[in-house]
>>> print(open('upload-v6.cif').read())   # mmCIF, C-alpha atoms
data_run
loop_
_atom_site.label_atom_id
_atom_site.label_comp_id
_atom_site.auth_asym_id
_atom_site.auth_seq_id
_atom_site.Cartn_x
_atom_site.Cartn_y
_atom_site.Cartn_z
CA MET H 110 -230.08 140.14 21.64
CA ASN H 111 -228.11 137.79 23.86
CA PRO H 112 -229.56 134.39 24.79
CA ASN H 113 -230.17 133.60 28.44
CA ARG H 114 -227.25 131.54 29.77
CA ALA H 115 -229.63 129.22 31.61
CA GLU H 116 -231.44 128.41 28.33
CA LEU H 117 -228.80 125.89 27.27
CA ALA H 118 -228.10 124.50 30.78
CA TRP H 119 -224.50 123.69 29.85
CA PRO H 120 -223.35 126.32 27.31
CA SER H 121 -220.71 124.09 25.70
CA GLY H 122 -222.82 120.94 25.81
CA ASP H 123 -219.65 118.84 25.92
CA ARG H 124 -218.59 119.50 29.49
CA PRO H 125 -221.72 119.36 31.64
CA GLY H 126 -221.38 119.96 35.35
CA PRO H 127 -222.76 118.07 38.34
CA LEU H 128 -226.50 117.57 38.67
CA ASP H 129 -226.77 119.03 42.14
CA PHE H 130 -229.53 121.71 41.74
CA SER H 131 -227.96 123.84 44.45
CA PHE H 132 -229.16 127.33 43.53
CA LYS H 133 -232.14 129.24 44.88
CA THR H 134 -234.94 130.36 42.61
CA PRO H 135 -235.86 134.08 42.64
CA PHE H 136 -239.07 134.45 44.63
CA GLU H 137 -241.29 136.03 41.98
CA ALA H 138 -240.14 133.69 39.20
CA GLY H 139 -240.48 130.67 41.47
CA LEU H 140 -244.01 131.68 42.45
CA ALA H 141 -245.05 132.11 38.81
CA ILE H 142 -243.60 128.73 37.81
CA SER H 143 -245.21 127.03 40.81
CA GLU H 144 -248.67 128.34 39.99
CA ALA H 145 -248.30 127.32 36.34
CA ILE H 146 -247.32 123.71 37.10
CA ARG H 147 -249.68 123.02 40.03
CA PRO H 148 -252.60 121.82 37.86
CA TRP H 149 -250.33 119.29 36.13
CA ILE H 150 -248.95 117.57 39.24
CA PRO H 151 -251.62 115.96 41.44
CA GLU H 152 -249.41 116.03 44.55
CA ALA H 153 -248.89 119.80 44.12
CA ARG H 154 -252.48 120.94 43.63
CA ARG H 155 -252.86 121.74 47.31
CA GLY H 156 -250.45 122.62 50.05
CA PRO H 157 -247.70 125.15 50.73
CA ALA H 158 -245.59 126.97 48.17
CA LEU H 159 -243.49 124.69 46.00
CA ARG H 160 -239.74 124.73 46.51
CA LEU H 161 -237.87 124.81 43.21
CA GLU H 162 -234.10 124.22 43.23
CA ALA H 163 -232.19 125.53 40.19
CA LEU H 164 -229.41 123.77 38.30
CA LEU H 165 -227.72 127.10 37.46
CA PRO H 166 -228.25 130.60 38.91
CA PRO H 167 -231.45 131.74 37.15
CA ASP H 168 -232.06 135.27 35.89
CA GLY H 169 -235.81 135.28 35.66
CA PRO H 170 -237.83 132.13 35.02
CA VAL H 171 -235.65 130.45 32.36
CA GLY H 172 -233.77 127.45 33.67
CA ARG H 173 -233.77 123.84 34.85
CA TYR H 174 -235.29 123.06 38.22
CA ARG H 175 -235.79 120.19 40.63
CA LEU H 176 -239.08 119.80 42.48
CA ARG H 177 -239.32 117.28 45.32
CA LEU H 178 -242.74 116.21 46.60
CA ASP H 179 -242.99 113.44 49.17
CA ASP H 180 -241.41 110.39 47.53
CA ARG H 181 -241.42 111.82 43.98
CA ALA H 182 -239.12 114.25 42.23
CA PHE H 183 -239.75 116.18 39.02
CA PHE H 184 -237.55 117.94 36.48
CA ILE H 185 -238.98 121.30 35.43
CA ARG H 186 -237.63 123.07 32.36
CA VAL H 187 -238.57 126.66 31.57
CA SER H 188 -237.58 127.92 28.12
CA SER H 189 -238.00 131.04 26.03
CA ARG H 190 -238.02 128.94 22.85
CA PRO H 191 -241.56 127.87 21.89
CA GLY H 192 -240.57 124.95 19.66
CA TRP H 193 -243.18 122.27 18.99
CA PRO H 194 -244.04 120.83 22.42
CA GLU H 195 -246.94 118.66 21.25
CA ARG H 196 -244.84 117.06 18.52
CA GLU H 197 -241.91 116.54 20.85
CA LYS H 198 -244.14 114.84 23.43
CA THR H 199 -245.73 112.62 20.77
CA LEU H 200 -242.28 111.55 19.57
CA VAL H 201 -240.93 110.91 23.07
CA ASP H 202 -244.11 109.05 24.08
CA TYR H 203 -243.65 106.80 21.04
CA LEU H 204 -240.05 106.05 22.01
CA HIS H 205 -240.93 105.43 25.65
CA GLN H 206 -243.80 103.10 24.77
CA GLY H 207 -241.41 101.10 22.61
CA GLY H 208 -238.93 100.65 25.46
CA ALA H 209 -236.31 103.11 24.19
CA PRO H 210 -234.14 104.62 26.97
CA VAL H 211 -235.67 108.10 27.15
CA ASN H 212 -237.13 110.29 29.88
CA PRO H 213 -240.89 110.61 29.33
CA ILE H 214 -242.54 114.03 29.19
CA LEU H 215 -245.35 114.33 31.72
CA ALA H 216 -246.54 117.72 30.42
CA ALA H 217 -245.22 119.82 27.53
CA GLY H 218 -245.71 123.41 26.49
CA ILE H 219 -247.38 124.75 29.63
CA PRO H 220 -247.63 128.53 29.01
CA LEU H 221 -245.94 130.88 31.46
CA PRO H 222 -246.60 134.61 30.94
CA TRP H 223 -243.87 136.67 32.55
CA ARG H 224 -243.31 140.40 32.22
CA GLY H 225 -244.66 140.70 28.71
CA PHE H 226 -243.15 137.49 27.34
CA MET H 227 -244.51 133.98 27.00
CA TYR H 228 -242.34 131.09 28.18
CA ARG H 229 -242.73 127.33 27.88
CA ILE H 230 -242.68 124.83 30.75
CA ASP H 231 -242.10 121.08 30.40
CA ILE H 232 -242.36 118.55 33.24
CA ARG H 233 -240.51 115.22 33.39
CA PRO H 234 -239.60 112.73 36.10
CA LEU H 235 -236.27 113.65 37.67
CA ILE H 236 -233.43 111.26 36.83
CA GLU H 237 -230.81 110.90 39.53
CA GLY H 238 -227.47 110.25 37.86
CA ARG H 239 -224.32 111.66 36.35
CA HIS H 240 -222.91 112.81 33.02
CA PHE H 241 -220.24 111.20 30.82
CA GLN H 242 -216.84 110.78 32.47
CA GLY H 243 -214.75 109.53 29.55
CA GLU H 244 -214.91 105.77 30.00
CA ALA H 245 -215.17 103.47 26.98
CA ARG H 246 -217.88 101.51 28.78
CA ASP H 247 -220.06 104.62 28.84
CA VAL H 248 -219.49 105.13 25.10
CA ARG H 249 -220.69 101.57 24.43
CA ARG H 250 -223.80 102.15 26.52
CA VAL H 251 -224.60 105.41 24.73
CA ALA H 252 -224.25 103.63 21.37
CA GLU H 253 -226.60 100.88 22.56
CA ALA H 254 -229.17 103.46 23.61
CA LEU H 255 -228.83 105.31 20.30
CA ALA H 256 -229.30 102.08 18.32
CA ALA H 257 -232.49 101.35 20.26
CA CYS H 258 -233.81 104.85 19.49
CA HIS H 259 -232.92 104.55 15.80
CA ARG H 260 -234.72 101.22 15.49
CA ARG H 261 -237.83 102.65 17.06
CA LEU H 262 -237.72 105.98 15.19
CA ALA H 263 -237.46 104.17 11.85
CA GLY H 264 -241.17 103.39 12.24
CA LEU H 265 -242.32 106.73 13.67
CA PRO H 266 -245.87 107.39 12.39
CA MET H 267 -245.33 111.16 12.31
CA ALA H 268 -242.22 110.83 10.11
CA PRO H 269 -243.82 112.71 7.15
CA THR H 270 -244.51 115.67 9.45
CA VAL H 271 -240.91 115.67 10.69
CA LYS H 272 -239.57 115.43 7.14
CA LYS H 273 -241.70 118.40 6.07
CA ALA H 274 -240.44 120.45 9.03
CA ALA H 275 -236.87 119.45 8.16
CA GLY H 276 -237.43 120.79 4.66
CA ARG H 277 -238.59 124.15 5.98
CA ARG H 278 -235.59 124.37 8.26
CA ALA H 279 -233.29 123.49 5.36
CA GLY H 280 -234.77 126.40 3.44
CA GLU H 281 -233.99 128.78 6.32
CA LEU H 282 -230.41 127.53 6.51
CA SER H 283 -230.02 127.90 2.74
CA GLN H 284 -230.96 131.56 3.06
CA ALA H 285 -228.40 131.97 5.83
CA VAL H 286 -225.75 130.36 3.65
CA GLU H 287 -226.63 132.72 0.81
CA SER H 288 -226.28 135.71 3.16
CA LEU H 289 -222.87 134.40 4.13
CA ARG H 290 -221.93 133.91 0.48
CA ASN H 291 -222.77 137.56 -0.23
CA ALA H 292 -220.72 138.66 2.77
CA ILE H 293 -217.68 136.77 1.49
CA ARG H 294 -218.10 138.11 -2.05
CA SER H 295 -218.28 141.70 -0.80
CA ASP H 296 -215.72 141.11 1.95
CA ASN H 297 -218.22 142.76 4.31
CA PHE H 298 -219.01 140.85 7.50
CA THR H 299 -221.22 143.39 9.24
CA LEU H 300 -224.01 140.79 9.43
CA PHE H 301 -221.93 139.20 12.23
CA GLY H 302 -222.26 142.37 14.30
CA ASP H 303 -219.57 142.47 16.99
CA ARG H 304 -218.26 139.12 15.66
CA ALA H 305 -217.30 140.70 12.31
CA ASP H 306 -213.58 140.56 13.10
CA TRP H 307 -213.89 136.85 13.88
CA ALA H 308 -215.64 136.23 10.56
CA ALA H 309 -213.00 138.18 8.62
CA ALA H 310 -210.24 136.17 10.31
CA HIS H 311 -212.01 132.91 9.41
CA ARG H 312 -212.97 133.92 5.87
CA ASP H 313 -211.37 130.86 4.27
CA TRP H 314 -213.08 128.49 6.70
CA LEU H 315 -216.45 130.10 6.04
CA ALA H 316 -215.86 129.92 2.28
CA GLN H 317 -215.13 126.20 2.58
CA MET H 318 -218.30 125.81 4.62
CA ILE H 319 -220.65 127.41 2.08
CA GLU H 320 -219.21 125.24 -0.69
CA GLY H 321 -219.41 122.02 1.30
CA ILE H 322 -222.61 122.30 3.33
CA ARG H 323 -225.69 120.36 2.33
CA THR H 324 -228.59 122.04 4.10
CA ASP H 325 -231.18 119.39 3.18
CA LEU H 326 -230.18 115.85 4.23
CA SER H 327 -233.65 114.33 3.99
CA GLY H 328 -233.09 113.00 0.48
CA LEU H 329 -229.99 110.98 1.34
CA ASP H 330 -230.14 107.19 1.43
CA GLY H 331 -231.58 105.86 4.68
CA ALA H 332 -232.83 109.22 5.98
CA GLN H 333 -235.22 108.94 8.93
CA CYS H 334 -236.20 110.66 12.17
CA LEU H 335 -233.28 110.98 14.61
CA HIS H 336 -232.34 112.46 17.97
CA GLY H 337 -230.37 115.31 16.38
CA GLU H 338 -227.98 116.37 19.18
CA VAL H 339 -226.28 113.41 20.84
CA HIS H 340 -223.79 115.21 23.08
CA PRO H 341 -222.83 114.65 26.75
CA GLY H 342 -225.24 117.30 28.00
CA ASN H 343 -228.13 115.26 26.58
CA VAL H 344 -227.27 111.95 28.21
CA ILE H 345 -227.60 111.04 31.88
CA PHE H 346 -226.20 107.82 33.33
CA ARG H 347 -228.72 107.01 35.99
CA HIS H 348 -228.02 105.83 39.50
CA PRO H 349 -227.46 103.12 40.56
CA ASP H 350 -227.15 100.95 37.41
CA GLY H 351 -225.28 103.43 35.18
CA ARG H 352 -227.62 102.92 32.23
CA PRO H 353 -227.84 105.94 29.90
CA VAL H 354 -231.02 107.89 29.28
CA LEU H 355 -231.25 110.12 26.19
CA LEU H 356 -232.68 113.58 26.85
CA ASP H 357 -233.88 116.65 24.98
CA PHE H 358 -235.58 115.65 21.74
CA GLU H 359 -236.27 119.29 20.86
CA GLN H 360 -234.24 118.96 17.63
CA SER H 361 -235.91 115.68 16.68
CA VAL H 362 -239.11 117.34 15.50
CA TYR H 363 -237.25 118.73 12.45
CA THR H 364 -234.27 116.38 12.05
CA PHE H 365 -234.63 113.96 9.14
CA ALA H 366 -231.31 112.56 7.93
CA PRO H 367 -229.32 109.32 7.68
CA PRO H 368 -228.39 107.77 11.05
CA THR H 369 -224.80 108.83 10.32
CA TRP H 370 -225.86 112.30 11.53
CA ASP H 371 -226.43 111.00 15.07
CA LEU H 372 -223.41 108.70 14.85
CA ALA H 373 -221.21 111.62 13.79
CA TYR H 374 -222.48 113.66 16.72
CA MET H 375 -221.86 110.78 19.12
CA VAL H 376 -218.35 109.98 17.86
CA GLN H 377 -217.39 113.64 17.70
CA ARG H 378 -218.56 114.48 21.23
CA PHE H 379 -217.98 111.20 23.10
CA CYS H 380 -214.91 109.80 21.32
CA LEU H 381 -212.98 112.85 20.08
CA GLY H 382 -214.31 115.68 22.23
CA GLU H 383 -211.29 116.32 24.42
CA TYR H 384 -208.64 115.48 21.79
CA PRO H 385 -207.56 112.30 23.60
CA ASP H 386 -204.49 110.49 22.34
CA ALA H 387 -204.68 107.58 19.91
CA ALA H 388 -205.15 104.82 22.50
CA PRO H 389 -208.33 106.24 24.13
CA VAL H 390 -209.75 107.17 20.71
CA GLY H 391 -209.34 103.62 19.47
CA LYS H 392 -210.94 102.14 22.58
CA ARG H 393 -213.84 104.54 22.41
CA LEU H 394 -214.46 103.92 18.72
CA GLU H 395 -214.35 100.18 19.25
CA ALA H 396 -216.80 100.53 22.13
CA ALA H 397 -219.11 102.68 19.99
CA ALA H 398 -219.17 100.09 17.18
CA ARG H 399 -219.77 97.27 19.64
CA GLY H 400 -222.61 99.14 21.31
CA TYR H 401 -224.28 100.18 18.05
CA GLY H 402 -224.15 96.58 16.88
CA ARG H 403 -222.22 96.95 13.63
CA PRO H 404 -219.03 98.53 12.25
CA LEU H 405 -219.28 102.29 12.13
CA PRO H 406 -219.50 103.89 8.68
CA GLU H 407 -217.09 106.56 7.48
CA LEU H 408 -218.13 109.63 9.46
CA ALA H 409 -215.62 112.38 8.62
CA GLY H 410 -217.88 113.97 6.00
CA MET H 411 -220.91 114.01 8.30
CA ILE H 412 -218.86 115.45 11.16
CA ARG H 413 -218.08 118.39 8.89
CA GLN H 414 -221.77 118.72 8.09
CA THR H 415 -222.77 118.87 11.78
CA ALA H 416 -220.24 121.67 12.42
CA TRP H 417 -221.23 123.58 9.29
CA HIS H 418 -224.95 123.24 10.10
CA ALA H 419 -224.31 124.67 13.56
CA MET H 420 -222.59 127.70 12.04
CA ALA H 421 -225.46 128.13 9.57
CA VAL H 422 -227.88 128.15 12.51
CA ILE H 423 -225.78 130.87 14.20
CA VAL H 424 -225.89 133.00 11.03
CA ASN H 425 -229.63 132.39 10.61
CA ARG H 426 -230.31 133.56 14.17
CA LEU H 427 -228.24 136.67 13.57
CA VAL H 428 -229.93 137.54 10.28
CA THR H 429 -233.54 136.77 11.23
CA GLY H 430 -233.64 137.58 14.94
CA GLY H 431 -230.52 139.49 15.86
CA ILE H 432 -229.67 136.72 18.34
CA THR H 433 -225.97 136.60 19.15
CA THR H 434 -223.92 133.58 20.20
CA PRO H 435 -220.95 133.53 22.60
CA PRO H 436 -217.56 133.75 20.81
CA SER H 437 -216.53 130.42 22.33
CA GLU H 438 -219.24 128.70 20.30
CA TYR H 439 -217.79 130.05 17.02
CA ASP H 440 -214.38 128.67 17.86
CA LYS H 441 -215.89 125.39 19.07
CA PHE H 442 -217.48 124.58 15.71
CA VAL H 443 -214.27 125.37 13.84
CA ARG H 444 -212.49 122.97 16.19
CA LEU H 445 -215.13 120.28 15.82
CA GLU H 446 -215.02 120.50 12.03
CA ALA H 447 -211.24 120.05 12.18
CA GLN H 448 -211.75 116.81 14.07
CA ALA H 449 -212.97 115.21 10.87
CA GLY H 450 -209.31 115.11 9.83
CA GLN H 451 -208.38 113.51 13.13
CA LEU H 452 -211.03 110.86 12.55
CA MET H 453 -209.62 109.98 9.13
CA THR H 454 -206.31 109.04 10.76
CA ALA H 455 -207.89 107.27 13.73
CA PRO H 456 -207.23 103.58 14.33
CA PRO H 457 -209.77 100.90 13.34
CA PRO H 458 -212.67 100.13 13.51
CA MET H 459 -213.60 103.38 11.77
CA ARG H 460 -213.05 102.12 8.22
CA PRO H 461 -213.59 98.34 8.22
CA HIS H 462 -215.50 98.31 4.93
CA PRO H 463 -218.17 100.38 3.18
CA ILE H 464 -221.68 99.91 4.56
CA HIS H 465 -225.03 101.54 4.07
CA ASP H 466 -226.07 104.30 6.45
CA ARG H 467 -228.75 102.33 8.24
CA PRO H 468 -229.44 101.64 11.91
CA ALA H 469 -228.06 98.56 13.57
CA HIS H 470 -231.19 96.50 12.94
CA THR H 471 -234.12 96.67 10.57
CA SER H 472 -237.23 98.12 12.13
CA ARG H 473 -240.83 97.39 11.19
CA ARG H 474 -243.82 99.52 11.93
CA PRO H 475 -245.79 98.21 14.89
#
>>> encode(input="upload-v6.cif", output="structure tokens")
Amino acid sequence: MNPNRAELAWPSGDRPGPLDFSFKTPFEAGLAISEAIRPWIPEARRGPALRLEALLPPDGPVGRYRLRLDDRAFFIRVSSRPGWPEREKTLVDYLHQGGAPVNPILAAGIPLPWRGFMYRIDIRPLIEGRHFQGEARDVRRVAEALAACHRRLAGLPMAPTVKKAAGRRAGELSQAVESLRNAIRSDNFTLFGDRADWAAAHRDWLAQMIEGIRTDLSGLDGAQCLHGEVHPGNVIFRHPDGRPVLLDFEQSVYTFAPPTWDLAYMVQRFCLGEYPDAAPVGKRLEAAARGYGRPLPELAGMIRQTAWHAMAVIVNRLVTGGITTPPSEYDKFVRLEAQAGQLMTAPPPMRPHPIHDRPAHTSRRP
């Protein structure tokens, strides 16, 4: 089964496009979405049909949409992945109430039956803004926003629930790794389906992955609730002040690890993502450390873990659900893992001195 392209908004995550919502919504899908969201938006409960503008060309209901009503605008997300909407809203509400730079969820998990399947709708305020454009100033601002989220999440009341969910997910990934181990031992990569040739060609990389991956990070020093996927597709710099807003906390409901996980994601995707030369890398790393409020820890090992975890998720989806992933994603995670070596030779301030993997400031429970 192939995932809907509109499910991920920006398939690569690292090179998001403009936020112009310029595509029409298919009539039947738009009508179904409109009727599902009407009860949740007071301004929409009466009146003419709602006009939904799509971020990407939708094929069915799945996608990201803009809804304008009078002087208000809403962001509507329709997904085929059920997730844990109540938990995600509780977590985001907690961050928003604490002043963290996040987009609040107005309604989460609204059911949308469509042609024999059940979809999920979430409603948020629409943020007018832009994505990352490569400037060191933006990196500093993202690091500041991440530090604020880490401080707040360190006291999250539902942390035990998140940690338990992280443990279950670690068990699923361990099974995927074991399936991969058996494939390497037998030199039989049929579990990859039409990606079997790719797996055979990357046998050594996959073997290194299964020996190096740590599927459960919750027991490491300083582990806490995190964002989970800090990449350019999940950050909007709002107009007109350019302040970043962190989006999409779908992974947060089962991510429990040291803050170096989020820092590795941020450095990998915002500082190293386009293989810039040494001068931009140094400026971006310096900006990241300044924004986070302390020298960055050594991140090469955790960068490898984020890439390996992503590949384990791909294998798990194949084995348990027959869900395939575009070939470009396979190559992307090999490339991202290789960037750990680039980071080890990067200029300061990456290795100023050893520090503990804790957020920028100590947080207390409210």
>>> resolve_selection(input="upload-v6.cif", expression="the PyMOL selection byres ((chain H and resi 232) around 8)", output="VMD selection string")
chain H and resid 183 to 186 214 to 217 230 to 231 233 to 234
>>> closest_residue(input="upload-v6.cif", among="H:Ala263, H:Val443, H:Ala416, H:Val354", to="Pro367 of chain H", atoms="all atoms listed in the file")
H:Ala263
>>> resolve_selection(input="upload-v6.cif", expression="the PyMOL selection byres ((chain H and resi 210) around 8)", output="list in words")
Leu204, His205, Gly208, Ala209, Val211, Asn212, Ala254, Ala257, Cys258, Pro353, Val354 and Leu355 of chain H
>>> residues_near_point(input="upload-v6.cif", point="(-223.4, 111.6, 12.6)", cutoff="9 Å", atoms="all atoms listed in the file", output="list in words")
Gly337, Val339, Pro367, Pro368, Thr369, Trp370, Asp371, Leu372, Ala373, Tyr374, Met375, Val376, Gln377, Leu408, Ala409, Gly410, Met411, Ile412, Gln414 and Thr415 of chain H
>>> atom_distance(input="upload-v6.cif", atom1="atom CA of Ala396 of chain H", atom2="atom CA of Val248 of chain H")
6.1 Å
>>> atom_distance(input="upload-v6.cif", atom1="atom CA of Arg352 of chain H", atom2="atom CA of Arg393 of chain H")
17.0 Å
>>> residues_around(input="upload-v6.cif", residues="Gly169 of chain H", least_positions_apart="5", cutoff="10 Å", atoms="only C-alpha atoms", output="ChimeraX atom specification")
/H:113,115,134-139,187,223-224
>>> closest_residue(input="upload-v6.cif", among="H:Ala141, H:Ala305, H:Leu335, H:Ile236", to="Val362 of chain H", atoms="all atoms listed in the file")
H:Leu335
>>> atom_distance(input="upload-v6.cif", atom1="atom CA of Leu405 of chain H", atom2="atom CA of Ala252 of chain H")
10.6 Å
>>> axis_aligned_box(input="upload-v6.cif", around="segment 426-435 of chain H", padding_each_side="6 Å", output="AutoDock Vina command-line options")
--center_x -227.3 --center_y 136.5 --center_z 16.4 --size_x 24.7 --size_y 18.0 --size_z 24.3
>>> residues_around(input="upload-v6.cif", residues="Phe130 of chain H", least_positions_apart="5", cutoff="8 Å", atoms="only C-alpha atoms", output="ChimeraX atom specification")
/H:162-165,174-175
>>> write_last_selection(input="upload-v6.cif", atoms="C-alpha atoms", output="short mmCIF file (atom, residue, chain, number, x, y, z; two decimals), in the coordinates of the input")
data_model
loop_
_atom_site.label_atom_id
_atom_site.label_comp_id
_atom_site.auth_asym_id
_atom_site.auth_seq_id
_atom_site.Cartn_x
_atom_site.Cartn_y
_atom_site.Cartn_z
CA GLU H 162 -234.10 124.22 43.23
CA ALA H 163 -232.19 125.53 40.19
CA LEU H 164 -229.41 123.77 38.30
CA LEU H 165 -227.72 127.10 37.46
CA TYR H 174 -235.29 123.06 38.22
CA ARG H 175 -235.79 120.19 40.63
#
>>> decode(input="upload-v6.cif", residues="segment 142-219 of chain H", atoms="C-alpha atoms", output="PDB file, in the first residue's frame")
ATOM      1  CA  ILE H 142     -14.993  17.889   5.425  1.00  0.00           C
ATOM      2  CA  SER H 143     -17.180  20.997   5.676  1.00  0.00           C
ATOM      3  CA  GLU H 144     -20.058  19.129   7.289  1.00  0.00           C
ATOM      4  CA  ALA H 145     -17.704  17.426   9.754  1.00  0.00           C
ATOM      5  CA  ILE H 146     -16.092  20.659  10.960  1.00  0.00           C
ATOM      6  CA  ARG H 147     -19.185  22.912  11.058  1.00  0.00           C
ATOM      7  CA  PRO H 148     -20.169  22.007  14.643  1.00  0.00           C
ATOM      8  CA  TRP H 149     -16.666  22.894  15.879  1.00  0.00           C
ATOM      9  CA  ILE H 150     -16.438  26.403  14.404  1.00  0.00           C
ATOM     10  CA  PRO H 151     -19.141  28.794  15.639  1.00  0.00           C
ATOM     11  CA  GLU H 152     -18.817  31.089  12.610  1.00  0.00           C
ATOM     12  CA  ALA H 153     -19.409  28.118  10.274  1.00  0.00           C
ATOM     13  CA  ARG H 154     -22.494  26.586  11.873  1.00  0.00           C
ATOM     14  CA  ARG H 155     -24.791  28.470   9.528  1.00  0.00           C
ATOM     15  CA  GLY H 156     -24.394  29.941   6.102  1.00  0.00           C
ATOM     16  CA  PRO H 157     -23.270  28.854   2.645  1.00  0.00           C
ATOM     17  CA  ALA H 158     -20.933  26.011   1.787  1.00  0.00           C
ATOM     18  CA  LEU H 159     -17.445  26.403   3.216  1.00  0.00           C
ATOM     19  CA  ARG H 160     -14.618  27.102   0.794  1.00  0.00           C
ATOM     20  CA  LEU H 161     -11.561  24.996   1.556  1.00  0.00           C
ATOM     21  CA  GLU H 162      -8.283  25.824  -0.216  1.00  0.00           C
ATOM     22  CA  ALA H 163      -5.713  23.007  -0.373  1.00  0.00           C
ATOM     23  CA  LEU H 164      -1.967  23.276   0.194  1.00  0.00           C
ATOM     24  CA  LEU H 165      -1.266  20.467  -2.309  1.00  0.00           C
ATOM     25  CA  PRO H 166      -3.514  18.859  -4.942  1.00  0.00           C
ATOM     26  CA  PRO H 167      -5.683  16.503  -2.849  1.00  0.00           C
ATOM     27  CA  ASP H 168      -6.744  13.028  -3.944  1.00  0.00           C
ATOM     28  CA  GLY H 169      -9.713  12.474  -1.714  1.00  0.00           C
ATOM     29  CA  PRO H 170     -10.049  14.117   1.696  1.00  0.00           C
ATOM     30  CA  VAL H 171      -6.462  13.748   2.983  1.00  0.00           C
ATOM     31  CA  GLY H 172      -4.562  17.008   3.010  1.00  0.00           C
ATOM     32  CA  ARG H 173      -3.949  20.430   4.537  1.00  0.00           C
ATOM     33  CA  TYR H 174      -6.530  23.130   3.975  1.00  0.00           C
ATOM     34  CA  ARG H 175      -7.137  26.807   4.640  1.00  0.00           C
ATOM     35  CA  LEU H 176     -10.587  28.006   5.687  1.00  0.00           C
ATOM     36  CA  ARG H 177     -11.303  31.743   5.753  1.00  0.00           C
ATOM     37  CA  LEU H 178     -14.363  33.039   7.603  1.00  0.00           C
ATOM     38  CA  ASP H 179     -14.872  36.776   7.981  1.00  0.00           C
ATOM     39  CA  ASP H 180     -11.816  38.027   9.865  1.00  0.00           C
ATOM     40  CA  ARG H 181     -10.618  34.578  11.003  1.00  0.00           C
ATOM     41  CA  ALA H 182      -8.700  31.862   9.215  1.00  0.00           C
ATOM     42  CA  PHE H 183      -8.330  28.214  10.203  1.00  0.00           C
ATOM     43  CA  PHE H 184      -5.906  25.428   9.327  1.00  0.00           C
ATOM     44  CA  ILE H 185      -7.675  22.132   8.685  1.00  0.00           C
ATOM     45  CA  ARG H 186      -5.698  18.902   8.574  1.00  0.00           C
ATOM     46  CA  VAL H 187      -7.263  15.659   7.375  1.00  0.00           C
ATOM     47  CA  SER H 188      -5.236  12.495   7.988  1.00  0.00           C
ATOM     48  CA  SER H 189      -5.615   8.767   7.504  1.00  0.00           C
ATOM     49  CA  ARG H 190      -3.456   8.127  10.579  1.00  0.00           C
ATOM     50  CA  PRO H 191      -5.558   7.885  13.754  1.00  0.00           C
ATOM     51  CA  GLY H 192      -2.751   8.591  16.224  1.00  0.00           C
ATOM     52  CA  TRP H 193      -3.713   9.811  19.695  1.00  0.00           C
ATOM     53  CA  PRO H 194      -5.563  13.095  19.123  1.00  0.00           C
ATOM     54  CA  GLU H 195      -6.694  13.576  22.726  1.00  0.00           C
ATOM     55  CA  ARG H 196      -3.168  13.095  24.054  1.00  0.00           C
ATOM     56  CA  GLU H 197      -1.690  15.365  21.417  1.00  0.00           C
ATOM     57  CA  LYS H 198      -4.176  18.117  22.247  1.00  0.00           C
ATOM     58  CA  THR H 199      -3.511  17.753  25.984  1.00  0.00           C
ATOM     59  CA  LEU H 200       0.231  18.071  25.376  1.00  0.00           C
ATOM     60  CA  VAL H 201      -0.098  21.060  23.034  1.00  0.00           C
ATOM     61  CA  ASP H 202      -2.578  22.764  25.380  1.00  0.00           C
ATOM     62  CA  TYR H 203      -0.047  22.380  28.201  1.00  0.00           C
ATOM     63  CA  LEU H 204       2.696  23.953  26.085  1.00  0.00           C
ATOM     64  CA  HIS H 205       0.467  26.788  24.905  1.00  0.00           C
ATOM     65  CA  GLN H 206      -0.725  27.583  28.426  1.00  0.00           C
ATOM     66  CA  GLY H 207       2.904  27.809  29.513  1.00  0.00           C
ATOM     67  CA  GLY H 208       3.750  30.330  26.795  1.00  0.00           C
ATOM     68  CA  ALA H 209       5.700  27.951  24.539  1.00  0.00           C
ATOM     69  CA  PRO H 210       5.684  28.973  20.844  1.00  0.00           C
ATOM     70  CA  VAL H 211       3.213  26.409  19.491  1.00  0.00           C
ATOM     71  CA  ASN H 212       0.022  26.534  17.446  1.00  0.00           C
ATOM     72  CA  PRO H 213      -2.916  25.539  19.671  1.00  0.00           C
ATOM     73  CA  ILE H 214      -5.308  22.796  18.604  1.00  0.00           C
ATOM     74  CA  LEU H 215      -8.901  24.004  18.578  1.00  0.00           C
ATOM     75  CA  ALA H 216     -10.363  20.544  17.917  1.00  0.00           C
ATOM     76  CA  ALA H 217      -8.608  17.190  17.530  1.00  0.00           C
ATOM     77  CA  GLY H 218      -9.683  13.825  16.209  1.00  0.00           C
ATOM     78  CA  ILE H 219     -12.965  14.817  14.561  1.00  0.00           C
TER      79      ILE H 219
END
